[in-house]
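Q: This one is data14.pdb, PDB, C-alpha atoms.
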ATOM      1  CA  MET A   1    -142.370 -71.322-261.189  1.00  0.00           C
ATOM      2  CA  VAL A   2    -145.792 -72.850-260.749  1.00  0.00           C
ATOM      3  CA  VAL A   3    -146.040 -76.558-261.509  1.00  0.00           C
ATOM      4  CA  LEU A   4    -148.884 -76.563-264.016  1.00  0.00           C
ATOM      5  CA  ASN A   5    -149.838 -80.180-263.382  1.00  0.00           C
ATOM      6  CA  SER A   6    -150.489 -79.430-259.732  1.00  0.00           C
ATOM      7  CA  LEU A   7    -153.173 -76.797-260.347  1.00  0.00           C
ATOM      8  CA  SER A   8    -156.659 -77.749-259.281  1.00  0.00           C
ATOM      9  CA  GLU A   9    -159.490 -77.784-261.787  1.00  0.00           C
ATOM     10  CA  GLU A  10    -161.030 -74.839-259.901  1.00  0.00           C
ATOM     11  CA  ASP A  11    -157.863 -72.782-260.378  1.00  0.00           C
ATOM     12  CA  ARG A  12    -157.725 -73.673-264.061  1.00  0.00           C
ATOM     13  CA  GLN A  13    -161.375 -72.726-264.443  1.00  0.00           C
ATOM     14  CA  LEU A  14    -160.740 -69.374-262.753  1.00  0.00           C
ATOM     15  CA  LEU A  15    -157.807 -68.710-265.074  1.00  0.00           C
ATOM     16  CA  ARG A  16    -159.883 -69.668-268.115  1.00  0.00           C
ATOM     17  CA  PHE A  17    -162.495 -67.161-266.954  1.00  0.00           C
ATOM     18  CA  TYR A  18    -159.976 -64.322-266.659  1.00  0.00           C
ATOM     19  CA  SER A  19    -157.917 -65.219-269.736  1.00  0.00           C
ATOM     20  CA  PRO A  20    -160.193 -63.510-272.332  1.00  0.00           C
ATOM     21  CA  GLN A  21    -160.361 -60.413-270.139  1.00  0.00           C
ATOM     22  CA  VAL A  22    -156.579 -60.319-269.939  1.00  0.00           C
ATOM     23  CA  ASP A  23    -156.445 -60.625-273.735  1.00  0.00           C
ATOM     24  CA  THR A  24    -158.918 -57.769-274.204  1.00  0.00           C
ATOM     25  CA  HIS A  25    -157.158 -55.386-271.836  1.00  0.00           C
ATOM     26  CA  THR A  26    -153.731 -56.305-273.192  1.00  0.00           C
ATOM     27  CA  GLU A  27    -154.932 -55.558-276.715  1.00  0.00           C
ATOM     28  CA  PHE A  28    -156.353 -52.222-275.570  1.00  0.00           C
ATOM     29  CA  LEU A  29    -153.049 -51.467-273.815  1.00  0.00           C
ATOM     30  CA  SER A  30    -151.072 -52.272-276.973  1.00  0.00           C
ATOM     31  CA  LYS A  31    -153.241 -49.948-279.056  1.00  0.00           C
ATOM     32  CA  ALA A  32    -152.932 -47.187-276.468  1.00  0.00           C
ATOM     33  CA  ILE A  33    -149.141 -47.569-276.475  1.00  0.00           C
ATOM     34  CA  GLU A  34    -149.052 -47.396-280.279  1.00  0.00           C
ATOM     35  CA  GLU A  35    -151.086 -44.177-280.214  1.00  0.00           C
ATOM     36  CA  PHE A  36    -148.875 -42.763-277.470  1.00  0.00           C
ATOM     37  CA  LEU A  37    -145.699 -43.510-279.432  1.00  0.00           C
ATOM     38  CA  THR A  38    -147.184 -41.863-282.514  1.00  0.00           C
ATOM     39  CA  VAL A  39    -147.886 -38.709-280.509  1.00  0.00           C
ATOM     40  CA  VAL A  40    -144.322 -38.694-279.174  1.00  0.00           C
ATOM     41  CA  GLU A  41    -142.823 -39.311-282.629  1.00  0.00           C
ATOM     42  CA  GLU A  42    -144.846 -36.434-284.043  1.00  0.00           C
ATOM     43  CA  GLN A  43    -143.577 -34.232-281.183  1.00  0.00           C
ATOM     44  CA  LEU A  44    -147.056 -33.138-280.228  1.00  0.00           C
ATOM     45  CA  PRO A  45    -147.433 -30.984-277.105  1.00  0.00           C
ATOM     46  CA  PRO A  46    -147.657 -32.422-273.578  1.00  0.00           C
ATOM     47  CA  ARG A  47    -151.437 -32.295-273.359  1.00  0.00           C
ATOM     48  CA  GLU A  48    -151.516 -34.840-276.211  1.00  0.00           C
ATOM     49  CA  PHE A  49    -149.080 -37.357-274.729  1.00  0.00           C
ATOM     50  CA  VAL A  50    -150.544 -36.919-271.256  1.00  0.00           C
ATOM     51  CA  GLN A  51    -153.985 -37.809-272.640  1.00  0.00           C
ATOM     52  CA  LYS A  52    -152.602 -40.927-274.357  1.00  0.00           C
ATOM     53  CA  SER A  53    -150.695 -41.949-271.238  1.00  0.00           C
ATOM     54  CA  LYS A  54    -153.941 -41.853-269.260  1.00  0.00           C
ATOM     55  CA  LEU A  55    -155.370 -44.510-271.583  1.00  0.00           C
ATOM     56  CA  ILE A  56    -152.275 -46.646-271.025  1.00  0.00           C
ATOM     57  CA  ILE A  57    -152.602 -46.282-267.276  1.00  0.00           C
ATOM     58  CA  LEU A  58    -156.295 -47.160-267.396  1.00  0.00           C
ATOM     59  CA  ALA A  59    -155.730 -50.346-269.409  1.00  0.00           C
ATOM     60  CA  ALA A  60    -152.751 -51.434-267.318  1.00  0.00           C
ATOM     61  CA  HIS A  61    -154.663 -50.723-264.113  1.00  0.00           C
ATOM     62  CA  LYS A  62    -157.424 -53.064-265.257  1.00  0.00           C
ATOM     63  CA  LEU A  63    -154.828 -55.773-265.876  1.00  0.00           C
ATOM     64  CA  MET A  64    -153.354 -55.144-262.442  1.00  0.00           C
ATOM     65  CA  TYR A  65    -156.813 -55.493-260.903  1.00  0.00           C
ATOM     66  CA  ILE A  66    -157.334 -58.818-262.691  1.00  0.00           C
ATOM     67  CA  GLY A  67    -153.960 -59.998-261.422  1.00  0.00           C
ATOM     68  CA  ASP A  68    -154.905 -59.042-257.868  1.00  0.00           C
ATOM     69  CA  SER A  69    -158.222 -60.850-258.215  1.00  0.00           C
ATOM     70  CA  VAL A  70    -156.574 -63.998-259.534  1.00  0.00           C
ATOM     71  CA  ALA A  71    -153.947 -63.924-256.788  1.00  0.00           C
ATOM     72  CA  GLN A  72    -156.646 -63.591-254.158  1.00  0.00           C
ATOM     73  CA  CYS A  73    -158.950 -66.289-255.534  1.00  0.00           C
ATOM     74  CA  VAL A  74    -156.677 -69.157-256.573  1.00  0.00           C
ATOM     75  CA  THR A  75    -156.083 -71.970-254.104  1.00  0.00           C
ATOM     76  CA  SER A  76    -152.508 -72.643-255.248  1.00  0.00           C
ATOM     77  CA  SER A  77    -150.286 -70.637-252.937  1.00  0.00           C
ATOM     78  CA  SER A  78    -147.356 -70.702-255.378  1.00  0.00           C
ATOM     79  CA  LEU A  79    -149.532 -69.393-258.210  1.00  0.00           C
ATOM     80  CA  SER A  80    -150.996 -66.766-255.916  1.00  0.00           C
ATOM     81  CA  VAL A  81    -147.526 -65.533-254.982  1.00  0.00           C
ATOM     82  CA  GLU A  82    -146.341 -65.419-258.605  1.00  0.00           C
ATOM     83  CA  VAL A  83    -149.423 -63.597-259.864  1.00  0.00           C
ATOM     84  CA  ARG A  84    -149.269 -61.154-256.942  1.00  0.00           C
ATOM     85  CA  ARG A  85    -145.618 -60.410-257.747  1.00  0.00           C
ATOM     86  CA  ALA A  86    -146.437 -59.846-261.425  1.00  0.00           C
ATOM     87  CA  ALA A  87    -149.329 -57.527-260.501  1.00  0.00           C
ATOM     88  CA  ASP A  88    -147.088 -55.684-258.032  1.00  0.00           C
ATOM     89  CA  ARG A  89    -144.405 -55.208-260.709  1.00  0.00           C
ATOM     90  CA  LEU A  90    -147.055 -53.760-262.987  1.00  0.00           C
ATOM     91  CA  CYS A  91    -148.206 -51.463-260.178  1.00  0.00           C
ATOM     92  CA  CYS A  92    -144.653 -50.187-259.611  1.00  0.00           C
ATOM     93  CA  ALA A  93    -144.198 -49.676-263.344  1.00  0.00           C
ATOM     94  CA  LEU A  94    -147.428 -47.664-263.437  1.00  0.00           C
ATOM     95  CA  LYS A  95    -146.306 -45.444-260.565  1.00  0.00           C
ATOM     96  CA  ASN A  96    -143.027 -44.771-262.354  1.00  0.00           C
ATOM     97  CA  CYS A  97    -144.915 -44.103-265.574  1.00  0.00           C
ATOM     98  CA  VAL A  98    -147.114 -41.487-263.912  1.00  0.00           C
ATOM     99  CA  GLN A  99    -144.083 -39.747-262.402  1.00  0.00           C
ATOM    100  CA  ALA A 100    -142.133 -39.842-265.672  1.00  0.00           C
ATOM    101  CA  THR A 101    -145.104 -38.472-267.619  1.00  0.00           C
ATOM    102  CA  LYS A 102    -145.542 -35.587-265.174  1.00  0.00           C
ATOM    103  CA  LEU A 103    -141.854 -34.802-265.392  1.00  0.00           C
ATOM    104  CA  ALA A 104    -141.849 -34.972-269.206  1.00  0.00           C
ATOM    105  CA  SER A 105    -144.845 -32.668-269.309  1.00  0.00           C
ATOM    106  CA  ASP A 106    -143.185 -30.178-266.955  1.00  0.00           C
ATOM    107  CA  GLN A 107    -139.827 -30.293-268.750  1.00  0.00           C
ATOM    108  CA  TYR A 108    -141.106 -30.485-272.337  1.00  0.00           C
ATOM    109  CA  PRO A 109    -139.361 -30.429-274.853  1.00  0.00           C
ATOM    110  CA  LEU A 110    -136.353 -31.770-272.922  1.00  0.00           C
ATOM    111  CA  VAL A 111    -135.436 -34.957-274.792  1.00  0.00           C
ATOM    112  CA  SER A 112    -134.115 -36.843-271.769  1.00  0.00           C
ATOM    113  CA  ALA A 113    -137.406 -36.364-269.886  1.00  0.00           C
ATOM    114  CA  VAL A 114    -139.457 -37.485-272.885  1.00  0.00           C
ATOM    115  CA  GLN A 115    -137.169 -40.500-273.369  1.00  0.00           C
ATOM    116  CA  SER A 116    -137.542 -41.416-269.695  1.00  0.00           C
ATOM    117  CA  MET A 117    -141.316 -41.283-270.126  1.00  0.00           C
ATOM    118  CA  VAL A 118    -141.143 -43.526-273.201  1.00  0.00           C
ATOM    119  CA  ASP A 119    -138.900 -45.960-271.309  1.00  0.00           C
ATOM    120  CA  SER A 120    -141.417 -46.082-268.466  1.00  0.00           C
ATOM    121  CA  ILE A 121    -144.194 -46.904-270.937  1.00  0.00           C
ATOM    122  CA  VAL A 122    -142.074 -49.750-272.333  1.00  0.00           C
ATOM    123  CA  THR A 123    -141.591 -51.050-268.787  1.00  0.00           C
ATOM    124  CA  VAL A 124    -145.368 -51.017-268.262  1.00  0.00           C
ATOM    125  CA  SER A 125    -145.766 -52.947-271.499  1.00  0.00           C
ATOM    126  CA  HIS A 126    -143.261 -55.594-270.417  1.00  0.00           C
ATOM    127  CA  ALA A 127    -144.811 -55.949-266.960  1.00  0.00           C
ATOM    128  CA  ALA A 128    -148.288 -56.318-268.472  1.00  0.00           C
ATOM    129  CA  HIS A 129    -146.996 -58.894-270.933  1.00  0.00           C
ATOM    130  CA  ASP A 130    -145.382 -60.896-268.113  1.00  0.00           C
ATOM    131  CA  LEU A 131    -148.667 -60.918-266.179  1.00  0.00           C
ATOM    132  CA  LYS A 132    -150.551 -62.010-269.282  1.00  0.00           C
ATOM    133  CA  LEU A 133    -148.127 -64.859-269.960  1.00  0.00           C
ATOM    134  CA  LEU A 134    -148.421 -66.082-266.402  1.00  0.00           C
ATOM    135  CA  VAL A 135    -152.220 -66.185-266.509  1.00  0.00           C
ATOM    136  CA  LYS A 136    -152.353 -67.693-270.007  1.00  0.00           C
ATOM    137  CA  GLN A 137    -149.778 -70.449-269.399  1.00  0.00           C
ATOM    138  CA  CYS A 138    -151.763 -71.805-266.482  1.00  0.00           C
ATOM    139  CA  CYS A 139    -155.133 -72.136-268.234  1.00  0.00           C
TER
END
Please rewrite the model in this file as structure tokens.
A:
Amino acid sequence: MVVLNSLSEEDRQLLRFYSPQVDTHTEFLSKAIEEFLTVVEEQLPPREFVQKSKLIILAAHKLMYIGDSVAQCVTSSSLSVEVRRAADRLCCALKNCVQATKLASDQYPLVSAVQSMVDSIVTVSHAAHDLKLLVKQCC
């Protein structure tokens, strides 16, 4: 874990710059996930949940990009490593989400495939939240 007291003022300033952007994209991601879950609950056809999953992927990808930028720009090597790991976890979760969504679309209405897709979306949400917490705690 990063020792917060050891962060330079430049690193803190960088994190303060990115913090509102992380908030914005996290909020957009949360709304996209809510809409996605509504579509799944209403058992709408694959084209509907695929469209909603694209919005989730877009928002999470923006968060991943911010994480990569922070990791590249901070001078604290320990913070850089932690943020890079969090962004990488989000990237892996996104890859799994894309695969699960394709499979759910192909196998619709198979419940296990749809549930796997929902689980992958939850994993994306958790990974995004972890990245957000890391950036926000260091401001």
Q: So which residues touch segment 28-38 of chain A within 12 Å, counting only C-alpha atoms, skipping near sequence neighbours fewer than 6 positions away, as a ChimeraX atom specification?
A: /A:21-22,44-64,101,114-115,117-129,132
Q: Which distance in Å separates atom CA of Asp130 of chain A and atom CA of Arg89 of chain A, to one decimal?
A: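 Computed distance, atom CA of Asp130 of chain A to atom CA of Arg89 of chain A, equals 9.4 Å.
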Q: For Ser78 of chain A, which residue out of A:Cys138, A:Tyr18, A:Ser112, A:Lys102 is the nearest one, using all atoms listed in the file?
A: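 For Ser78 of chain A, the nearest of the candidates is A:Cys138.
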Q: Go through A:Ser80, A:Gln43, A:Gln99, A:Gln13 one by one, measure the shortest atom-to-atom distance of each to Gly67 of chain A using only C-alpha atoms, and give the residue with the smallest value.
A: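 Checking each of A:Ser80, A:Gln43, A:Gln99, A:Gln13 against Gly67 of chain A, counting only C-alpha atoms, the winner is A:Ser80.
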Q: Using only C-alpha atoms, can you tell me which of A:Val40, A:Cys91, A:Leu79, A:Ile66 comes closest to Ala113 of chain A?
A: A:Val40
Q: Report, in Å to a single decimal, how far apart atom CA of Tyr65 of chain A and atom CA of Ser6 of chain A are.
A: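 Interatomic distance, atom CA of Ser6 of chain A to atom CA of Tyr65 of chain A: 24.8 Å.
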Q: Please, what distance in Å, to one decimal, runs between atom CA of Arg85 of chain A and atom CA of Asp23 of chain A?
A: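 Distance reported for this atom pair: 19.3 Å.
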Q: Spell out the residues picked by the PyMOL selection byres ((chain A and resi 83) around 9) here, as a list of chain:residue names.
A: A:Gly67, A:Asp68, A:Val70, A:Ala71, A:Ser78, A:Leu79, A:Ser80, A:Val81, A:Glu82, A:Arg84, A:Arg85, A:Ala86, A:Ala87, A:Asp88, A:Leu131, A:Leu134, A:Val135
